[in-house]
file entry-v3.cif (mmCIF, N, CA and C atoms)
data_upload
loop_
_atom_site.group_PDB
_atom_site.id
_atom_site.type_symbol
_atom_site.label_atom_id
_atom_site.label_comp_id
_atom_site.auth_asym_id
_atom_site.auth_seq_id
_atom_site.Cartn_x
_atom_site.Cartn_y
_atom_site.Cartn_z
ATOM 1 N N MET A 168 -43.014 -87.760 65.462
ATOM 2 C CA MET A 168 -41.690 -88.296 65.357
ATOM 3 C C MET A 168 -41.759 -89.789 65.647
ATOM 4 N N ALA A 169 -41.233 -90.568 64.760
ATOM 5 C CA ALA A 169 -41.369 -92.016 64.864
ATOM 6 C C ALA A 169 -40.503 -92.598 65.973
ATOM 7 N N ASN A 170 -39.214 -92.275 65.982
ATOM 8 C CA ASN A 170 -38.355 -92.828 67.017
ATOM 9 C C ASN A 170 -37.057 -92.042 67.144
ATOM 10 N N VAL A 171 -36.272 -92.433 68.117
ATOM 11 C CA VAL A 171 -35.026 -91.737 68.421
ATOM 12 C C VAL A 171 -34.027 -91.884 67.274
ATOM 13 N N ARG A 172 -34.012 -93.031 66.640
ATOM 14 C CA ARG A 172 -33.072 -93.258 65.536
ATOM 15 C C ARG A 172 -33.300 -92.257 64.405
ATOM 16 N N ASN A 173 -34.558 -91.985 64.081
ATOM 17 C CA ASN A 173 -34.844 -91.014 63.023
ATOM 18 C C ASN A 173 -34.445 -89.601 63.430
ATOM 19 N N LEU A 174 -34.619 -89.267 64.705
ATOM 20 C CA LEU A 174 -34.198 -87.949 65.181
ATOM 21 C C LEU A 174 -32.686 -87.805 65.061
ATOM 22 N N LYS A 175 -31.953 -88.834 65.440
ATOM 23 C CA LYS A 175 -30.490 -88.790 65.312
ATOM 24 C C LYS A 175 -30.070 -88.658 63.851
ATOM 25 N N LYS A 176 -30.766 -89.365 62.961
ATOM 26 C CA LYS A 176 -30.467 -89.252 61.535
ATOM 27 C C LYS A 176 -30.754 -87.847 61.030
ATOM 28 N N ASP A 177 -31.869 -87.257 61.465
ATOM 29 C CA ASP A 177 -32.202 -85.894 61.052
ATOM 30 C C ASP A 177 -31.132 -84.911 61.505
ATOM 31 N N ILE A 178 -30.689 -85.043 62.741
ATOM 32 C CA ILE A 178 -29.643 -84.159 63.258
ATOM 33 C C ILE A 178 -28.385 -84.311 62.416
ATOM 34 N N ASN A 179 -27.996 -85.541 62.139
ATOM 35 C CA ASN A 179 -26.797 -85.802 61.359
ATOM 36 C C ASN A 179 -26.906 -85.255 59.941
ATOM 37 N N PHE A 180 -28.028 -85.503 59.283
ATOM 38 C CA PHE A 180 -28.192 -85.059 57.903
ATOM 39 C C PHE A 180 -28.253 -83.540 57.788
ATOM 40 N N VAL A 181 -29.028 -82.902 58.651
ATOM 41 C CA VAL A 181 -29.202 -81.453 58.559
ATOM 42 C C VAL A 181 -27.885 -80.739 58.814
ATOM 43 N N LEU A 182 -27.227 -81.061 59.916
ATOM 44 C CA LEU A 182 -25.977 -80.368 60.221
ATOM 45 C C LEU A 182 -24.857 -80.786 59.276
ATOM 46 N N GLY A 183 -24.885 -82.019 58.797
ATOM 47 C CA GLY A 183 -23.905 -82.451 57.802
ATOM 48 C C GLY A 183 -24.063 -81.711 56.486
ATOM 49 N N ASP A 184 -25.308 -81.478 56.077
ATOM 50 C CA ASP A 184 -25.549 -80.720 54.850
ATOM 51 C C ASP A 184 -25.099 -79.270 54.998
ATOM 52 N N ILE A 185 -25.262 -78.710 56.176
ATOM 53 C CA ILE A 185 -24.816 -77.332 56.408
ATOM 54 C C ILE A 185 -23.296 -77.254 56.317
ATOM 55 N N ILE A 186 -22.607 -78.207 56.916
ATOM 56 C CA ILE A 186 -21.145 -78.225 56.834
ATOM 57 C C ILE A 186 -20.700 -78.417 55.389
ATOM 58 N N GLU A 187 -21.380 -79.264 54.666
ATOM 59 C CA GLU A 187 -21.054 -79.478 53.256
ATOM 60 C C GLU A 187 -21.264 -78.200 52.445
ATOM 61 N N ALA A 188 -22.313 -77.452 52.759
ATOM 62 C CA ALA A 188 -22.564 -76.187 52.058
ATOM 63 C C ALA A 188 -21.448 -75.188 52.328
ATOM 64 N N VAL A 189 -20.916 -75.183 53.527
ATOM 65 C CA VAL A 189 -19.795 -74.291 53.838
ATOM 66 C C VAL A 189 -18.568 -74.697 53.032
ATOM 67 N N TYR A 190 -18.297 -75.992 52.944
ATOM 68 C CA TYR A 190 -17.153 -76.457 52.149
ATOM 69 C C TYR A 190 -17.319 -76.093 50.675
ATOM 70 N N ILE A 191 -18.511 -76.218 50.161
ATOM 71 C CA ILE A 191 -18.766 -75.851 48.761
ATOM 72 C C ILE A 191 -18.541 -74.358 48.566
ATOM 73 N N TRP A 192 -19.020 -73.549 49.521
ATOM 74 C CA TRP A 192 -18.800 -72.102 49.433
ATOM 75 C C TRP A 192 -17.310 -71.791 49.439
ATOM 76 N N GLU A 193 -16.568 -72.459 50.336
ATOM 77 C CA GLU A 193 -15.129 -72.215 50.408
ATOM 78 C C GLU A 193 -14.440 -72.538 49.093
ATOM 79 N N MET A 194 -14.782 -73.648 48.494
ATOM 80 C CA MET A 194 -14.114 -74.054 47.263
ATOM 81 C C MET A 194 -14.521 -73.197 46.069
ATOM 82 N N SER A 195 -15.747 -72.686 46.085
ATOM 83 C CA SER A 195 -16.208 -71.907 44.936
ATOM 84 C C SER A 195 -15.804 -70.442 45.012
ATOM 85 N N THR A 196 -15.487 -69.942 46.180
ATOM 86 C CA THR A 196 -15.134 -68.520 46.282
ATOM 87 C C THR A 196 -13.663 -68.325 46.622
ATOM 88 N N ALA A 197 -13.283 -68.652 47.820
ATOM 89 C CA ALA A 197 -11.924 -68.365 48.270
ATOM 90 C C ALA A 197 -10.939 -69.462 47.894
ATOM 91 N N GLY A 198 -11.404 -70.672 47.779
ATOM 92 C CA GLY A 198 -10.516 -71.786 47.488
ATOM 93 C C GLY A 198 -9.837 -72.327 48.727
ATOM 94 N N LYS A 199 -10.047 -71.655 49.842
ATOM 95 C CA LYS A 199 -9.473 -72.115 51.105
ATOM 96 C C LYS A 199 -10.374 -71.656 52.246
ATOM 97 N N PRO A 200 -10.243 -72.271 53.408
ATOM 98 C CA PRO A 200 -11.089 -71.886 54.546
ATOM 99 C C PRO A 200 -10.814 -70.464 55.030
ATOM 100 N N THR A 201 -11.872 -69.818 55.468
ATOM 101 C CA THR A 201 -11.737 -68.490 56.084
ATOM 102 C C THR A 201 -12.105 -68.623 57.559
ATOM 103 N N ASP A 202 -11.830 -67.569 58.315
ATOM 104 C CA ASP A 202 -12.169 -67.599 59.736
ATOM 105 C C ASP A 202 -13.676 -67.696 59.945
ATOM 106 N N GLN A 203 -14.438 -66.996 59.101
ATOM 107 C CA GLN A 203 -15.897 -67.034 59.234
ATOM 108 C C GLN A 203 -16.453 -68.418 58.913
ATOM 109 N N SER A 204 -15.958 -69.023 57.847
ATOM 110 C CA SER A 204 -16.476 -70.341 57.468
ATOM 111 C C SER A 204 -16.092 -71.393 58.505
ATOM 112 N N GLN A 205 -14.884 -71.301 59.034
ATOM 113 C CA GLN A 205 -14.483 -72.241 60.083
ATOM 114 C C GLN A 205 -15.324 -72.049 61.342
ATOM 115 N N GLY A 206 -15.716 -70.815 61.631
ATOM 116 C CA GLY A 206 -16.584 -70.545 62.771
ATOM 117 C C GLY A 206 -17.942 -71.198 62.615
ATOM 118 N N ILE A 207 -18.478 -71.161 61.410
ATOM 119 C CA ILE A 207 -19.774 -71.798 61.148
ATOM 120 C C ILE A 207 -19.658 -73.311 61.304
ATOM 121 N N ILE A 208 -18.589 -73.895 60.790
ATOM 122 C CA ILE A 208 -18.387 -75.337 60.912
ATOM 123 C C ILE A 208 -18.235 -75.729 62.382
ATOM 124 N N ASP A 209 -17.443 -74.958 63.125
ATOM 125 C CA ASP A 209 -17.263 -75.257 64.551
ATOM 126 C C ASP A 209 -18.581 -75.162 65.311
ATOM 127 N N GLU A 210 -19.383 -74.155 64.985
ATOM 128 C CA GLU A 210 -20.687 -73.991 65.639
ATOM 129 C C GLU A 210 -21.616 -75.166 65.317
ATOM 130 N N ALA A 211 -21.595 -75.624 64.077
ATOM 131 C CA ALA A 211 -22.428 -76.763 63.687
ATOM 132 C C ALA A 211 -22.001 -78.035 64.426
ATOM 133 N N ILE A 212 -20.707 -78.229 64.577
ATOM 134 C CA ILE A 212 -20.214 -79.413 65.285
ATOM 135 C C ILE A 212 -20.575 -79.351 66.764
ATOM 136 N N GLU A 213 -20.431 -78.182 67.367
ATOM 137 C CA GLU A 213 -20.795 -78.028 68.778
ATOM 138 C C GLU A 213 -22.281 -78.280 68.987
ATOM 139 N N LYS A 214 -23.105 -77.752 68.091
ATOM 140 C CA LYS A 214 -24.547 -77.957 68.219
ATOM 141 C C LYS A 214 -24.895 -79.425 68.007
ATOM 142 N N PHE A 215 -24.223 -80.090 67.080
ATOM 143 C CA PHE A 215 -24.436 -81.520 66.869
ATOM 144 C C PHE A 215 -24.172 -82.294 68.159
ATOM 145 N N ASP A 216 -23.033 -82.018 68.791
ATOM 146 C CA ASP A 216 -22.681 -82.715 70.024
ATOM 147 C C ASP A 216 -23.712 -82.473 71.117
ATOM 148 N N SER A 217 -24.166 -81.234 71.258
ATOM 149 C CA SER A 217 -25.123 -80.936 72.325
ATOM 150 C C SER A 217 -26.488 -81.562 72.047
ATOM 151 N N LEU A 218 -26.923 -81.573 70.791
ATOM 152 C CA LEU A 218 -28.212 -82.181 70.469
ATOM 153 C C LEU A 218 -28.184 -83.697 70.664
ATOM 154 N N ILE A 219 -27.114 -84.340 70.258
ATOM 155 C CA ILE A 219 -27.004 -85.782 70.444
ATOM 156 C C ILE A 219 -26.950 -86.126 71.940
ATOM 157 N N ALA A 220 -26.273 -85.306 72.725
ATOM 158 C CA ALA A 220 -26.237 -85.538 74.175
ATOM 159 C C ALA A 220 -27.639 -85.414 74.769
ATOM 160 N N ARG A 221 -28.408 -84.449 74.273
ATOM 161 C CA ARG A 221 -29.781 -84.300 74.769
ATOM 162 C C ARG A 221 -30.655 -85.475 74.335
ATOM 163 N N VAL A 222 -30.455 -85.988 73.141
ATOM 164 C CA VAL A 222 -31.229 -87.144 72.683
ATOM 165 C C VAL A 222 -30.918 -88.355 73.549
ATOM 166 N N ASN A 223 -29.661 -88.532 73.920
ATOM 167 C CA ASN A 223 -29.244 -89.695 74.689
ATOM 168 C C ASN A 223 -29.536 -89.584 76.186
ATOM 169 N N ASP A 224 -30.063 -88.453 76.629
ATOM 170 C CA ASP A 224 -30.385 -88.261 78.044
ATOM 171 C C ASP A 224 -31.516 -89.203 78.444
ATOM 172 N N LYS A 225 -31.264 -90.069 79.404
ATOM 173 C CA LYS A 225 -32.248 -91.072 79.822
ATOM 174 C C LYS A 225 -33.119 -90.607 80.991
ATOM 175 N N LYS A 226 -32.794 -89.466 81.594
ATOM 176 C CA LYS A 226 -33.504 -89.013 82.791
ATOM 177 C C LYS A 226 -34.600 -88.008 82.459
ATOM 178 N N VAL A 227 -35.323 -88.233 81.392
ATOM 179 C CA VAL A 227 -36.374 -87.334 80.950
ATOM 180 C C VAL A 227 -37.720 -87.925 81.331
ATOM 181 N N GLU A 228 -38.583 -87.097 81.897
ATOM 182 C CA GLU A 228 -39.897 -87.596 82.300
ATOM 183 C C GLU A 228 -40.872 -87.623 81.128
ATOM 184 N N ASN A 229 -41.004 -86.504 80.435
ATOM 185 C CA ASN A 229 -41.935 -86.420 79.307
ATOM 186 C C ASN A 229 -41.122 -86.492 78.012
ATOM 187 N N LYS A 230 -40.954 -87.698 77.502
ATOM 188 C CA LYS A 230 -40.083 -87.903 76.340
ATOM 189 C C LYS A 230 -40.613 -87.225 75.086
ATOM 190 N N LYS A 231 -41.903 -87.254 74.896
ATOM 191 C CA LYS A 231 -42.478 -86.668 73.689
ATOM 192 C C LYS A 231 -42.185 -85.170 73.628
ATOM 193 N N ALA A 232 -42.401 -84.463 74.716
ATOM 194 C CA ALA A 232 -42.124 -83.022 74.751
ATOM 195 C C ALA A 232 -40.630 -82.757 74.636
ATOM 196 N N HIS A 233 -39.834 -83.611 75.248
ATOM 197 C CA HIS A 233 -38.376 -83.457 75.191
ATOM 198 C C HIS A 233 -37.869 -83.565 73.756
ATOM 199 N N PHE A 234 -38.336 -84.578 73.031
ATOM 200 C CA PHE A 234 -37.880 -84.767 71.655
ATOM 201 C C PHE A 234 -38.427 -83.687 70.726
ATOM 202 N N LYS A 235 -39.633 -83.206 70.979
ATOM 203 C CA LYS A 235 -40.155 -82.097 70.183
ATOM 204 C C LYS A 235 -39.311 -80.849 70.395
ATOM 205 N N GLY A 236 -38.864 -80.628 71.623
ATOM 206 C CA GLY A 236 -37.991 -79.493 71.909
ATOM 207 C C GLY A 236 -36.666 -79.602 71.195
ATOM 208 N N ILE A 237 -36.120 -80.807 71.162
ATOM 209 C CA ILE A 237 -34.854 -81.032 70.458
ATOM 210 C C ILE A 237 -35.036 -80.768 68.967
ATOM 211 N N TYR A 238 -36.135 -81.246 68.415
ATOM 212 C CA TYR A 238 -36.382 -81.052 66.987
ATOM 213 C C TYR A 238 -36.553 -79.567 66.657
ATOM 214 N N SER A 239 -37.247 -78.826 67.517
ATOM 215 C CA SER A 239 -37.418 -77.394 67.264
ATOM 216 C C SER A 239 -36.092 -76.653 67.413
ATOM 217 N N ASP A 240 -35.238 -77.078 68.353
ATOM 218 C CA ASP A 240 -33.905 -76.486 68.479
ATOM 219 C C ASP A 240 -33.065 -76.759 67.238
ATOM 220 N N LEU A 241 -33.176 -77.964 66.709
ATOM 221 C CA LEU A 241 -32.463 -78.309 65.479
ATOM 222 C C LEU A 241 -32.906 -77.406 64.340
ATOM 223 N N GLU A 242 -34.200 -77.216 64.216
ATOM 224 C CA GLU A 242 -34.734 -76.378 63.150
ATOM 225 C C GLU A 242 -34.262 -74.928 63.289
ATOM 226 N N GLY A 243 -34.306 -74.407 64.503
ATOM 227 C CA GLY A 243 -33.851 -73.036 64.733
ATOM 228 C C GLY A 243 -32.371 -72.870 64.461
ATOM 229 N N THR A 244 -31.575 -73.819 64.904
ATOM 230 C CA THR A 244 -30.134 -73.767 64.669
ATOM 231 C C THR A 244 -29.816 -73.849 63.187
ATOM 232 N N ALA A 245 -30.507 -74.736 62.489
ATOM 233 C CA ALA A 245 -30.278 -74.881 61.049
ATOM 234 C C ALA A 245 -30.591 -73.581 60.326
ATOM 235 N N ASN A 246 -31.683 -72.938 60.689
ATOM 236 C CA ASN A 246 -32.041 -71.668 60.052
ATOM 237 C C ASN A 246 -30.990 -70.597 60.323
ATOM 238 N N GLN A 247 -30.489 -70.539 61.544
ATOM 239 C CA GLN A 247 -29.455 -69.549 61.879
ATOM 240 C C GLN A 247 -28.168 -69.798 61.103
ATOM 241 N N LEU A 248 -27.770 -71.059 61.021
ATOM 242 C CA LEU A 248 -26.534 -71.380 60.313
ATOM 243 C C LEU A 248 -26.663 -71.121 58.812
ATOM 244 N N VAL A 249 -27.826 -71.396 58.245
ATOM 245 C CA VAL A 249 -28.039 -71.121 56.823
ATOM 246 C C VAL A 249 -27.986 -69.617 56.562
ATOM 247 N N GLU A 250 -28.549 -68.825 57.469
ATOM 248 C CA GLU A 250 -28.463 -67.368 57.319
ATOM 249 C C GLU A 250 -27.016 -66.902 57.361
ATOM 250 N N LYS A 251 -26.206 -67.513 58.235
ATOM 251 C CA LYS A 251 -24.801 -67.150 58.301
ATOM 252 C C LYS A 251 -24.063 -67.529 57.017
ATOM 253 N N ILE A 252 -24.417 -68.676 56.450
ATOM 254 C CA ILE A 252 -23.789 -69.086 55.184
ATOM 255 C C ILE A 252 -24.184 -68.117 54.082
ATOM 256 N N ASN A 253 -25.435 -67.713 54.052
ATOM 257 C CA ASN A 253 -25.901 -66.779 53.027
ATOM 258 C C ASN A 253 -25.248 -65.414 53.149
ATOM 259 N N SER A 254 -24.826 -65.048 54.356
ATOM 260 C CA SER A 254 -24.215 -63.734 54.533
ATOM 261 C C SER A 254 -22.716 -63.746 54.258
ATOM 262 N N LEU A 255 -22.146 -64.916 53.988
ATOM 263 C CA LEU A 255 -20.701 -64.986 53.699
ATOM 264 C C LEU A 255 -20.359 -64.254 52.411
#

call {"tool": "encode", "arguments": {"input": "entry-v3.cif", "output": "structure tokens"}}
result
Amino acid sequence: MANVRNLKKDINFVLGDIIEAVYIWEMSTAGKPTDQSQGIIDEAIEKFDSLIARVNDKKVENKKAHFKGIYSDLEGTANQLVEKINSL
């Protein structure tokens, strides 16, 4: 991982693309938001906030391991949210 700025961009792009996929699903099927789709969007926003807070944490001793953990959490969350979108 090159730097913190790229990690923040990755978090923004990945979760933003997931939210966009939910909006596309809503418009192509129901034409309006459903409770399930809104739940996925809310979960993505909550995870975004928590990941950014962890990135901005200055009291970390081993930064390399900390950022790798954040990146793996992002990957796991993205996979879970994509599975939820696929099950809609």

call {"tool": "residues_around", "arguments": {"input": "entry-v3.cif", "residues": "range 244-249 of chain A", "least_positions_apart": "5", "cutoff": "8 Å", "atoms": "all atoms listed in the file", "output": "MDAnalysis selection string"}}
result
chainID A and resid 181:182 185 207 210:211 214 238:239 254:255

call {"tool": "atom_distance", "arguments": {"input": "entry-v3.cif", "atom1": "CA of Leu174 in chain A", "atom2": "CA of Ser204 in chain A"}}
result
26.1 Å

call {"tool": "resolve_selection", "arguments": {"input": "entry-v3.cif", "expression": "the PyMOL selection byres (((chain A and resi 170 and name CA) around 12) and name CA)", "output": "JSON list (two decimals) with N, CA and C atoms, in the coordinates of the input"}}
result
[["chain", "number", "residue", "atom", "x", "y", "z"],
["A", 168, "MET", "N", -43.01, -87.76, 65.46],
["A", 168, "MET", "CA", -41.69, -88.30, 65.36],
["A", 168, "MET", "C", -41.76, -89.79, 65.65],
["A", 169, "ALA", "N", -41.23, -90.57, 64.76],
["A", 169, "ALA", "CA", -41.37, -92.02, 64.86],
["A", 169, "ALA", "C", -40.50, -92.60, 65.97],
["A", 171, "VAL", "N", -36.27, -92.43, 68.12],
["A", 171, "VAL", "CA", -35.03, -91.74, 68.42],
["A", 171, "VAL", "C", -34.03, -91.88, 67.27],
["A", 172, "ARG", "N", -34.01, -93.03, 66.64],
["A", 172, "ARG", "CA", -33.07, -93.26, 65.54],
["A", 172, "ARG", "C", -33.30, -92.26, 64.40],
["A", 173, "ASN", "N", -34.56, -91.98, 64.08],
["A", 173, "ASN", "CA", -34.84, -91.01, 63.02],
["A", 173, "ASN", "C", -34.44, -89.60, 63.43],
["A", 174, "LEU", "N", -34.62, -89.27, 64.70],
["A", 174, "LEU", "CA", -34.20, -87.95, 65.18],
["A", 174, "LEU", "C", -32.69, -87.80, 65.06],
["A", 175, "LYS", "N", -31.95, -88.83, 65.44],
["A", 175, "LYS", "CA", -30.49, -88.79, 65.31],
["A", 175, "LYS", "C", -30.07, -88.66, 63.85],
["A", 176, "LYS", "N", -30.77, -89.36, 62.96],
["A", 176, "LYS", "CA", -30.47, -89.25, 61.54],
["A", 176, "LYS", "C", -30.75, -87.85, 61.03],
["A", 177, "ASP", "N", -31.87, -87.26, 61.46],
["A", 177, "ASP", "CA", -32.20, -85.89, 61.05],
["A", 177, "ASP", "C", -31.13, -84.91, 61.50],
["A", 222, "VAL", "N", -30.46, -85.99, 73.14],
["A", 222, "VAL", "CA", -31.23, -87.14, 72.68],
["A", 222, "VAL", "C", -30.92, -88.36, 73.55],
["A", 230, "LYS", "N", -40.95, -87.70, 77.50],
["A", 230, "LYS", "CA", -40.08, -87.90, 76.34],
["A", 230, "LYS", "C", -40.61, -87.22, 75.09],
["A", 231, "LYS", "N", -41.90, -87.25, 74.90],
["A", 231, "LYS", "CA", -42.48, -86.67, 73.69],
["A", 231, "LYS", "C", -42.18, -85.17, 73.63],
["A", 234, "PHE", "N", -38.34, -84.58, 73.03],
["A", 234, "PHE", "CA", -37.88, -84.77, 71.66],
["A", 234, "PHE", "C", -38.43, -83.69, 70.73],
["A", 235, "LYS", "N", -39.63, -83.21, 70.98],
["A", 235, "LYS", "CA", -40.16, -82.10, 70.18],
["A", 235, "LYS", "C", -39.31, -80.85, 70.40],
["A", 238, "TYR", "N", -36.14, -81.25, 68.42],
["A", 238, "TYR", "CA", -36.38, -81.05, 66.99],
["A", 238, "TYR", "C", -36.55, -79.57, 66.66]]

call {"tool": "residues_around", "arguments": {"input": "entry-v3.cif", "residues": "Gln203 in chain A", "least_positions_apart": "5", "cutoff": "8 Å", "atoms": "only N, CA and C atoms", "output": "list in words"}}
result
Ile208, Asp209, Lys251 and Leu255 of chain A

call {"tool": "atom_distance", "arguments": {"input": "entry-v3.cif", "atom1": "CA of Gly206 in chain A", "atom2": "atom C of Glu242 in chain A"}}
result
18.2 Å

call {"tool": "atom_distance", "arguments": {"input": "entry-v3.cif", "atom1": "CA of Glu213 in chain A", "atom2": "CA of Ala188 in chain A"}}
result
16.9 Å
